[in-house]
Structure formats: structure tokens, C-alpha cells
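Student: Take a look at structure-v7.txt, compact mmCIF, C-alpha atoms:
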```txt
# COMPACT_ATOMS: atom_id res chain seq x y z
CA MET A 28 -4.87 -0.26 21.38
CA GLU A 29 -6.17 -3.81 21.72
CA PRO A 30 -4.72 -5.86 18.79
CA MET A 31 -8.00 -7.27 17.43
CA LYS A 32 -9.66 -3.85 17.52
CA ALA A 33 -6.61 -2.38 15.77
CA LEU A 34 -6.82 -5.12 13.13
CA ARG A 35 -10.54 -4.52 12.60
CA ASP A 36 -9.97 -0.77 12.26
CA ALA A 37 -7.02 -1.28 9.89
CA ILE A 38 -9.07 -3.54 7.59
CA SER A 39 -11.92 -1.03 7.55
CA GLU A 40 -9.58 1.90 6.86
CA VAL A 41 -7.88 0.22 3.91
CA LEU A 42 -10.96 -1.29 2.28
CA GLU A 43 -13.04 1.87 2.67
CA THR A 44 -10.29 4.23 1.50
CA MET A 45 -8.71 2.22 -1.31
CA CYS A 46 -11.37 -0.28 -2.48
CA PHE A 47 -14.55 1.68 -1.70
CA MET A 48 -15.95 -1.26 0.29
CA CYS A 49 -17.53 -1.19 3.74
CA PRO A 50 -16.71 -4.28 5.83
CA VAL A 51 -19.10 -5.24 8.63
CA PRO A 52 -17.36 -6.89 11.63
CA LEU A 53 -18.75 -10.23 12.85
CA LYS A 54 -18.67 -11.21 16.53
CA GLU A 55 -17.34 -14.68 15.73
CA PRO A 56 -15.97 -16.29 12.58
CA PRO A 57 -18.34 -18.88 11.07
CA MET A 58 -17.71 -22.42 12.37
CA HIS A 59 -17.46 -23.78 8.86
CA PRO A 60 -16.60 -21.26 6.14
CA ASP A 61 -18.41 -21.85 2.86
CA PRO A 62 -16.93 -25.15 1.58
CA GLY A 63 -17.48 -24.04 -2.01
CA GLU A 64 -15.32 -20.98 -1.50
CA HIS A 65 -11.69 -20.91 -2.64
CA TRP A 66 -9.52 -18.85 -0.31
CA THR A 67 -6.26 -17.17 -1.20
CA VAL A 68 -4.00 -16.67 1.78
CA VAL A 69 -1.55 -13.77 1.94
CA GLU A 70 0.96 -13.36 4.75
CA LEU A 71 3.15 -10.46 5.74
CA GLY A 72 5.73 -10.72 8.51
CA PHE A 73 6.93 -7.95 10.75
CA GLY A 74 9.88 -7.67 13.08
CA GLY A 75 11.47 -5.48 15.68
CA GLN A 76 10.78 -5.48 19.40
CA GLN A 77 7.87 -7.80 18.70
CA ALA A 78 7.84 -10.16 15.75
CA GLY A 79 4.93 -11.89 14.11
CA SER A 80 2.85 -11.97 11.00
CA LEU A 81 -0.50 -10.97 9.61
CA ARG A 82 -2.34 -13.57 7.57
CA ILE A 83 -5.44 -12.63 5.56
CA TYR A 84 -7.79 -15.17 3.98
CA PHE A 85 -9.49 -13.73 0.90
CA PRO A 86 -12.40 -15.54 -0.79
CA TRP A 87 -11.46 -15.50 -4.48
CA ALA A 88 -14.77 -14.01 -5.66
CA LEU A 89 -14.30 -11.16 -3.19
CA ALA A 90 -10.67 -10.78 -4.25
CA VAL A 91 -11.77 -10.14 -7.82
CA GLU A 92 -14.23 -7.46 -6.67
CA MET A 93 -11.52 -5.97 -4.49
CA ALA A 94 -9.10 -5.86 -7.43
CA ASN A 95 -11.68 -4.01 -9.51
CA GLY A 96 -12.46 -1.66 -6.62
CA LEU A 97 -8.82 -0.71 -6.06
CA ARG A 98 -8.15 -0.22 -9.74
CA GLY A 99 -11.39 1.72 -10.25
CA GLU A 100 -12.66 -0.77 -12.80
CA THR A 101 -16.12 -2.28 -13.07
CA ASP A 102 -17.25 -5.57 -14.56
CA LEU A 103 -13.75 -6.55 -15.68
CA ILE A 104 -12.26 -9.92 -14.86
CA PRO A 105 -8.66 -9.26 -13.85
CA GLU A 106 -5.95 -11.79 -14.55
CA PRO A 107 -5.14 -14.00 -11.53
CA GLU A 108 -1.71 -12.33 -11.24
CA GLU A 109 -3.37 -8.89 -11.16
CA THR A 110 -5.74 -10.03 -8.43
CA GLN A 111 -2.87 -11.50 -6.38
CA ASP A 112 -0.97 -8.23 -6.79
CA VAL A 113 -3.94 -6.35 -5.33
CA LEU A 114 -4.28 -8.83 -2.44
CA LYS A 115 -0.59 -8.38 -1.58
CA GLU A 116 -0.93 -4.60 -1.68
CA VAL A 117 -4.11 -4.67 0.44
CA THR A 118 -2.34 -6.91 2.98
CA ASN A 119 0.65 -4.56 2.95
CA MET A 120 -1.56 -1.55 3.67
CA VAL A 121 -3.57 -3.37 6.37
CA ALA A 122 -0.33 -4.41 8.07
CA GLY A 123 1.07 -0.88 7.81
CA SER A 124 -2.10 0.63 9.24
CA LEU A 125 -2.24 -2.05 11.96
CA LEU A 126 1.33 -1.45 13.10
CA HIS A 127 0.71 2.30 13.03
CA LYS A 128 -2.13 1.74 15.53
CA LEU A 129 -0.30 -0.82 17.70
CA ASP A 130 3.06 0.91 17.62
CA PRO A 131 2.58 4.66 17.19
CA GLU A 132 6.31 5.23 17.71
CA ALA A 133 6.89 3.11 14.61
CA ARG A 134 9.64 0.74 15.71
CA LEU A 135 8.32 -2.38 13.96
CA SER A 136 9.46 -3.18 10.43
CA LEU A 137 7.32 -4.67 7.68
CA HIS A 138 8.49 -7.43 5.36
CA LEU A 139 7.23 -7.98 1.82
CA PRO A 140 3.81 -9.69 1.47
CA GLU A 141 3.71 -13.23 0.15
CA VAL A 142 0.88 -15.29 -1.37
CA LEU A 143 0.91 -18.57 0.56
CA GLY A 144 -1.49 -20.26 -1.84
CA GLU A 145 -5.08 -21.35 -2.11
CA ILE A 146 -6.95 -23.44 0.42
CA GLN A 147 -10.46 -24.78 0.53
CA ASP A 148 -10.83 -25.83 4.14
CA PHE A 149 -9.40 -24.51 7.39
CA ASN A 150 -10.28 -23.84 11.00
CA PRO A 151 -11.30 -20.18 11.35
CA GLN A 152 -11.34 -20.15 15.17
CA GLY A 153 -9.43 -17.26 16.64
CA ALA A 154 -9.54 -15.28 13.40
CA LEU A 155 -11.11 -11.89 12.96
CA ALA A 156 -14.06 -12.06 10.58
CA VAL A 157 -15.72 -9.32 8.59
CA GLU A 158 -18.58 -9.55 6.12
CA LEU A 159 -18.02 -7.84 2.83
CA GLU A 160 -20.19 -7.85 -0.29
CA GLY A 161 -21.81 -11.12 0.81
CA HIS A 162 -18.48 -12.84 1.55
CA ILE A 163 -16.52 -13.46 4.73
CA LEU A 164 -12.96 -12.17 4.95
CA LEU A 165 -10.79 -13.59 7.74
CA ALA A 166 -7.59 -12.28 9.26
CA ARG A 167 -5.23 -13.67 11.85
CA LEU A 168 -2.54 -11.88 13.81
CA LEU A 169 0.20 -14.33 14.80
CA TRP A 170 2.87 -13.38 17.35
CA ASN A 171 6.14 -15.24 17.45
CA GLN A 172 6.94 -16.98 20.73
CA GLY A 173 7.64 -14.48 23.49
CA GLY A 174 6.38 -11.61 21.39
CA GLY A 175 2.64 -11.78 22.03
CA GLN A 176 0.45 -9.07 23.45
CA MET B 18 -1.01 20.51 -17.84
CA GLY B 19 0.97 17.33 -18.44
CA VAL B 20 2.78 15.83 -15.50
CA HIS B 21 5.99 13.96 -16.23
CA ALA B 22 5.87 11.79 -13.14
CA LEU B 23 7.75 8.59 -12.45
CA ILE B 24 5.73 6.20 -10.28
CA VAL B 25 7.85 3.53 -8.59
CA ASP B 26 6.05 0.66 -6.85
CA ASP B 27 6.33 -3.11 -7.10
CA SER B 28 2.53 -3.31 -7.22
CA ALA B 29 1.19 -2.62 -10.71
CA ALA B 30 -2.22 -1.97 -9.15
CA MET B 31 -0.80 0.70 -6.86
CA ARG B 32 1.03 2.34 -9.76
CA ALA B 33 -2.30 2.45 -11.60
CA VAL B 34 -4.03 3.94 -8.55
CA VAL B 35 -1.45 6.72 -8.18
CA LYS B 36 -1.62 7.46 -11.91
CA LYS B 37 -5.42 7.60 -11.76
CA VAL B 38 -5.29 9.95 -8.79
CA ILE B 39 -3.02 12.30 -10.74
CA ALA B 40 -5.35 12.09 -13.73
CA LEU B 41 -8.35 12.88 -11.51
CA SER B 42 -6.57 16.08 -10.53
CA GLY B 43 -7.04 17.17 -14.11
CA ALA B 44 -3.47 16.55 -15.24
CA ASP B 45 -2.50 14.81 -18.46
CA VAL B 46 -0.78 11.58 -17.41
CA SER B 47 0.12 10.34 -20.87
CA HIS B 48 3.79 11.07 -20.13
CA CYS B 49 3.85 9.32 -16.75
CA LEU B 50 6.49 6.61 -16.45
CA GLU B 51 6.31 3.51 -14.27
CA ALA B 52 8.94 1.33 -12.65
CA ALA B 53 8.58 -1.74 -10.45
CA ASN B 54 11.68 -1.02 -8.33
CA GLY B 55 14.54 1.42 -7.84
CA LYS B 56 16.77 -0.22 -10.44
CA GLU B 57 14.14 0.10 -13.17
CA ALA B 58 13.56 3.70 -12.08
CA LEU B 59 17.24 4.59 -12.47
CA GLU B 60 17.31 2.98 -15.90
CA LEU B 61 14.36 5.13 -17.00
CA LEU B 62 15.90 8.25 -15.47
CA SER B 63 19.09 7.70 -17.47
CA LYS B 64 17.00 8.23 -20.62
CA GLU B 65 14.19 10.62 -19.63
CA TRP B 66 13.74 13.64 -17.37
CA VAL B 67 10.73 13.76 -15.03
CA ASP B 68 9.11 16.52 -12.97
CA VAL B 69 8.53 14.39 -9.88
CA ILE B 70 9.12 10.88 -8.57
CA LEU B 71 6.54 9.11 -6.40
CA THR B 72 8.10 6.03 -4.85
CA ASP B 73 7.32 3.23 -2.46
CA ILE B 74 10.05 2.16 -0.02
CA HIS B 75 9.64 -1.59 0.33
CA MET B 76 10.36 -3.16 -3.05
CA PRO B 77 12.40 -6.13 -4.22
CA VAL B 78 15.62 -5.75 -6.28
CA MET B 79 16.27 -2.13 -5.22
CA ASP B 80 14.18 -0.49 -2.51
CA GLY B 81 13.14 3.13 -2.25
CA MET B 82 15.89 4.09 0.20
CA GLU B 83 18.61 2.84 -2.14
CA LEU B 84 16.90 4.67 -4.99
CA LEU B 85 16.97 7.87 -2.91
CA GLU B 86 20.67 7.36 -2.13
CA ASN B 87 21.41 7.02 -5.86
CA LEU B 88 19.38 10.12 -6.70
CA HIS B 89 21.03 12.10 -3.91
CA ALA B 90 24.49 11.17 -5.18
CA ASP B 91 23.74 12.45 -8.70
CA GLU B 92 24.04 16.19 -9.24
CA MET B 93 21.25 16.34 -11.84
CA LEU B 94 18.87 13.73 -10.46
CA SER B 95 19.08 15.14 -6.95
CA ARG B 96 17.07 18.11 -8.27
CA VAL B 97 14.02 15.95 -9.03
CA PRO B 98 11.50 16.20 -6.17
CA VAL B 99 10.68 12.86 -4.57
CA VAL B 100 7.47 11.91 -2.75
CA LEU B 101 7.36 8.75 -0.64
CA VAL B 102 4.10 6.82 -0.99
CA THR B 103 4.49 3.96 1.43
CA THR B 104 3.26 2.01 4.44
CA GLU B 105 6.66 2.63 6.06
CA ALA B 106 6.25 4.94 9.05
CA ARG B 107 9.41 4.38 11.09
CA ARG B 108 10.80 7.78 12.03
CA GLU B 109 14.37 6.72 11.26
CA PHE B 110 13.39 5.90 7.66
CA ILE B 111 11.34 9.05 7.16
CA ASP B 112 14.05 11.27 8.61
CA ARG B 113 16.73 9.53 6.54
CA ALA B 114 14.58 9.94 3.42
CA ALA B 115 14.11 13.64 4.17
CA ALA B 116 17.89 14.01 4.61
CA LEU B 117 18.33 12.40 1.19
CA GLY B 118 16.00 14.96 -0.35
CA ALA B 119 12.52 13.43 -0.16
CA ARG B 120 10.04 16.29 -0.14
CA ALA B 121 6.94 14.59 1.28
CA HIS B 122 5.72 11.36 2.84
CA VAL B 123 2.25 10.05 2.04
CA ARG B 124 1.26 7.07 4.14
CA LYS B 125 -0.73 4.27 2.50
CA PRO B 126 -3.70 3.98 2.56
CA PHE B 127 -4.19 7.54 1.34
CA GLN B 128 -7.03 9.79 0.31
CA PRO B 129 -6.70 10.87 -3.36
CA GLU B 130 -6.81 14.48 -2.18
CA THR B 131 -3.58 13.96 -0.23
CA ILE B 132 -1.55 13.10 -3.36
CA LYS B 133 -3.15 15.96 -5.27
CA LYS B 134 -2.25 18.52 -2.60
CA VAL B 135 1.30 17.21 -2.25
CA LEU B 136 1.80 17.58 -6.02
CA GLU B 137 0.26 21.06 -5.93
CA ALA B 138 2.68 22.04 -3.18
CA ILE B 139 5.69 20.62 -5.04
CA LEU B 140 4.93 21.43 -8.66
CA GLY B 141 3.44 24.83 -7.91
CA GLU B 142 0.85 26.90 -9.74
CA GLU B 143 1.02 25.00 -13.01
CA PHE B 144 -0.41 21.96 -11.26
CA ALA B 145 -2.36 23.68 -8.53
CA ARG B 146 -5.83 25.00 -8.75
CA GLY B 147 -6.27 25.21 -5.00
CA THR B 148 -4.14 26.10 -2.03
CA ASN B 149 -0.68 24.94 -1.04
CA GLU B 150 -1.53 24.05 2.53
CA SER B 151 0.12 21.00 4.09
CA PRO B 152 -2.32 18.16 3.43
CA GLU B 153 -3.59 15.74 6.04
CA GLY B 154 -1.60 12.50 5.96
CA CYS B 155 1.59 14.21 4.81
CA ASP B 156 4.36 14.13 7.41
CA PHE B 157 6.78 16.74 6.10
```
Spell out the structure here as C-alpha cells.
Tutor:
Amino acid sequence: MEPMKALRDAISEVLETMCFMCPVPLKEPPMHPDPGEHWTVVELGFGGQQAGSLRIYFPWALAVEMANGLRGETDLIPEPEETQDVLKEVTNMVAGSLLHKLDPEARLSLHLPEVLGEIQDFNPQGALAVELEGHILLARLLWNQGGGQ
Amino acid sequence: MGVHALIVDDSAAMRAVVKKVIALSGADVSHCLEAANGKEALELLSKEWVDVILTDIHMPVMDGMELLENLHADEMLSRVPVVLVTTEARREFIDRAAALGARAHVRKPFQPETIKKVLEAILGEEFARGTNESPEGCDF
């Protein structure tokens, strides 16, 4: 399966199944993501015959909604650590689902997800973008040198 | 019925999700235990008996495979059914887990119904209200 389609499908599968959210894919990421938005970046590496990493950029307001969706809560404001925990688990599941689609024989290994931090400005070109609850979620699949598809 | 389950996952949110799924099956989850890794799980199991263990594989400190090895090596604890709830799908891991006594593998993300049916199949009529068919998303 083509990697970007696999990534799009993996994001949809996880968010629909676990967070009860329906992402809408965008053809292109926006040239300039909302400058008022704070993004939390979570990365998860994988290794094996091909090595690389998945990086997901979560707008914080969306992350809070996602945390409530996964935990089945409404109108609660989770602690930042609880929200980061949910973002790591969502990234873990997206990566697992993605590798399942790209590598049905399951030879690639997943590492533990890591919160890289918060950013306010970045270049979204080349990222996969989906619209979700009025926010844009971005994801990038990075292949290590010699391991690309 | 009350389910004495031990849920092992480094994500507190995922532990809460699994617990909620069990509760939605109609079971009393007030006796469910939680651990953030295999080491914490073994500490709890040295004090309390459980009916079933639902564990992730990839966790810091002690992962799910090492937990399974410890359970397998213990005459009493090896009798506790173990369900893997994980993104791990490598055949070598799943086969090794099955050899160490894991009874089912539920791949994340999962439908709530999948966990319910796995528990029905493992815990039997006391838990089940439906059938014991092999649920979709369960590899064993």
C-alpha cells in the first residue's frame, strides 16, 4: 500500500475507533498553519528492514478533545500530563496500524512514543493533513537514509 | 459478576479505556487492578489473585514479554489467563507469547466488542451473555 494512503487510513482507523472522531483528509496541508495554535509533537521510531519514524503534530485544543474522546469523558479539562499520555497512545496506535498496512508480514518493530515538545511555527510541506473538529492535524512519515519507499 | 482483572499498560488512558470496556460489558470492575509495567504487575500479583491479566507488550521498566516469562515460570501465576492488548503484531512475538501461555491477542486499536468476546471466551459463562465465537481482531 502507498505509504501516505496507509498513513491516512491508519489515522482514520484509530481516531474513529478509539476517539469517536471522523477526520477529513485534505489534499494539501495549509501553507501557514494557524499561528495562534500551539502544536504538540509526538514521535515514534520504528526499525527493522526499513527504519524511520512517524511524527504527528497535534493542535493542543484538539488534543484536549481527543483526550476526552478516548477516555469517554465530556466537558472535562484533563491535566496536561493526561493529554500527553493520550497523544502518545494515539501515536502508538497510528504507528501500529500504519506498519500493519505497510508491512503485513509484521517484520518492523515499534519503539516507545516520545513527546518532542511544543512548537508554534513550522513548515507543513510534505506532511499529511486531516481536518478534525475544526482543527488541522498533521503527520509526517520520515524514512532513514536508504530506507525510504 | 465482578471481574478481578489486572490491566497492565504504561498509558493510564488506555488502562481506563480497557476498564471502561469491561464495565460496559456489564461486569463490576471495582476489583480491577492496574499496573503501569510488568514489574508493578508482579508486585500486585504477589499480594492479590486475579481472574485475568490484560497486558500491553511495549512498556518501560519491564515489558509484557518479560512479564509473561515471569508468569510462565511460576507454578501458580502460570494458571492466570493472559490477554495481549497491543500494537505489536510481529508473528515471532505473538507466537512466543502464545508459547508462554497468552490466551488471546487483541490488536490496538480495538472495537470494545472484541475485548468483551475475548473475556467471554476465557472467563466462560459467568462473564458471557452471548456466544463464545472467536471475535474479529483476535489472532488466537
Student: So how far away is CA of Leu71 (chain A) from CA of Gly144 (chain A), in Å?
Tutor: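 We find that CA of Gly144 (chain A) and CA of Leu71 (chain A) lie 13.2 Å from each other.
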Student: Could you produce a table of the residues of chain A lying within 12 Å of chain B, with the nearest pair of atoms per residue and their separation in Å rounded to one decimal, using only C-alpha atoms, ordered by chain and increasing residue number, as a tab-separated table?
Tutor:
```
residue	atom	partner	partner_atom	distance
A:Ala37	CA	B:Pro126	CA	9.6
A:Ile38	CA	B:Pro126	CA	10.5
A:Ser39	CA	B:Pro126	CA	10.8
A:Glu40	CA	B:Pro126	CA	7.6
A:Val41	CA	B:Pro126	CA	5.8
A:Leu42	CA	B:Pro126	CA	9.0
A:Glu43	CA	B:Pro126	CA	9.6
A:Thr44	CA	B:Gln128	CA	6.6
A:Met45	CA	B:Pro126	CA	6.6
A:Cys46	CA	B:Pro126	CA	10.1
A:Phe47	CA	B:Gln128	CA	11.2
A:Phe73	CA	B:Glu105	CA	11.6
A:Gly75	CA	B:Arg107	CA	11.1
A:Met93	CA	B:Ala30	CA	11.1
A:Ala94	CA	B:Ala30	CA	8.1
A:Asn95	CA	B:Ala30	CA	9.7
A:Gly96	CA	B:Val34	CA	10.3
A:Leu97	CA	B:Val34	CA	7.1
A:Arg98	CA	B:Val34	CA	6.0
A:Gly99	CA	B:Val34	CA	7.9
A:Glu100	CA	B:Val34	CA	10.7
A:Pro105	CA	B:Ala30	CA	10.8
A:Glu106	CA	B:Ala30	CA	11.8
A:Glu108	CA	B:Ala29	CA	10.1
A:Glu109	CA	B:Ala30	CA	7.3
A:Thr110	CA	B:Ala30	CA	8.8
A:Gln111	CA	B:Ser28	CA	9.8
A:Asp112	CA	B:Ser28	CA	6.1
A:Val113	CA	B:Ala30	CA	6.1
A:Leu114	CA	B:Ala30	CA	9.8
A:Lys115	CA	B:Ser28	CA	8.2
A:Glu116	CA	B:Ser28	CA	6.7
A:Val117	CA	B:Pro126	CA	8.9
A:Thr118	CA	B:Thr104	CA	10.6
A:Asn119	CA	B:Thr104	CA	7.2
A:Met120	CA	B:Lys125	CA	6.0
A:Val121	CA	B:Pro126	CA	8.3
A:Ala122	CA	B:Thr104	CA	8.2
A:Gly123	CA	B:Thr104	CA	5.0
A:Ser124	CA	B:Thr104	CA	7.3
A:Leu125	CA	B:Thr104	CA	10.2
A:Leu126	CA	B:Ala106	CA	9.0
A:His127	CA	B:Ala106	CA	7.3
A:Lys128	CA	B:Ala106	CA	11.1
A:Asp130	CA	B:Arg107	CA	9.7
A:Pro131	CA	B:Ala106	CA	8.9
A:Glu132	CA	B:Arg107	CA	7.4
A:Ala133	CA	B:Arg107	CA	4.5
A:Arg134	CA	B:Arg107	CA	5.9
A:Leu135	CA	B:Arg107	CA	7.4
A:Ser136	CA	B:Arg107	CA	7.6
A:Leu137	CA	B:Glu105	CA	7.5
A:His138	CA	B:His75	CA	7.8
A:Leu139	CA	B:His75	CA	7.0
A:Pro140	CA	B:His75	CA	10.0
```
Student: Between CA of Pro50 (chain A) and CA of Thr101 (chain A), what is the spacing in Å?
Tutor: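 Value for the CA of Thr101 (chain A)-CA of Pro50 (chain A) distance: 19.0 Å.
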Student: What does the distance between CA of Met48 (chain A) and CA of Leu103 (chain A) come to in Å, to one decimal place?
Tutor: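 Calculated distance between CA of Met48 (chain A) and CA of Leu103 (chain A) is 17.0 Å.
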Student: Counting only C-alpha atoms, what is within 10 Å of region 165-167 of chain A, bar same-chain residues fewer than 3 positions away, as a list in words?
Tutor: Met31, Leu34, Arg35, Ile38, Pro56, Pro57, Pro60, Trp66, Val68, Val69, Glu70, Ser80, Leu81, Arg82, Ile83, Tyr84, Phe85, Pro86, Thr118, Pro151, Gln152, Gly153, Ala154, Leu155, Ala156, Val157, Glu158, His162 and Trp170 of chain A
Student: Write out as JSON an axis-aligned box for region 33-50 of chain B: all of its atoms listed in the file, 8 Å added on each side, centre and edge lengths in Å with one decimal.
Tutor:
```
{"center_x": -0.9, "center_y": 9.8, "center_z": -14.5, "size_x": 30.8, "size_y": 30.7, "size_z": 28.7}
```
Student: Just the residues within 12 Å of Ile39 (chain B), please, counting all atoms listed in the file, with nothing from its chain fewer than 6 positions along; format it as a VMD selection string.
Tutor: chain B and resid 18 to 24 32 to 33 45 to 49 69 71 129 to 137 144 to 145
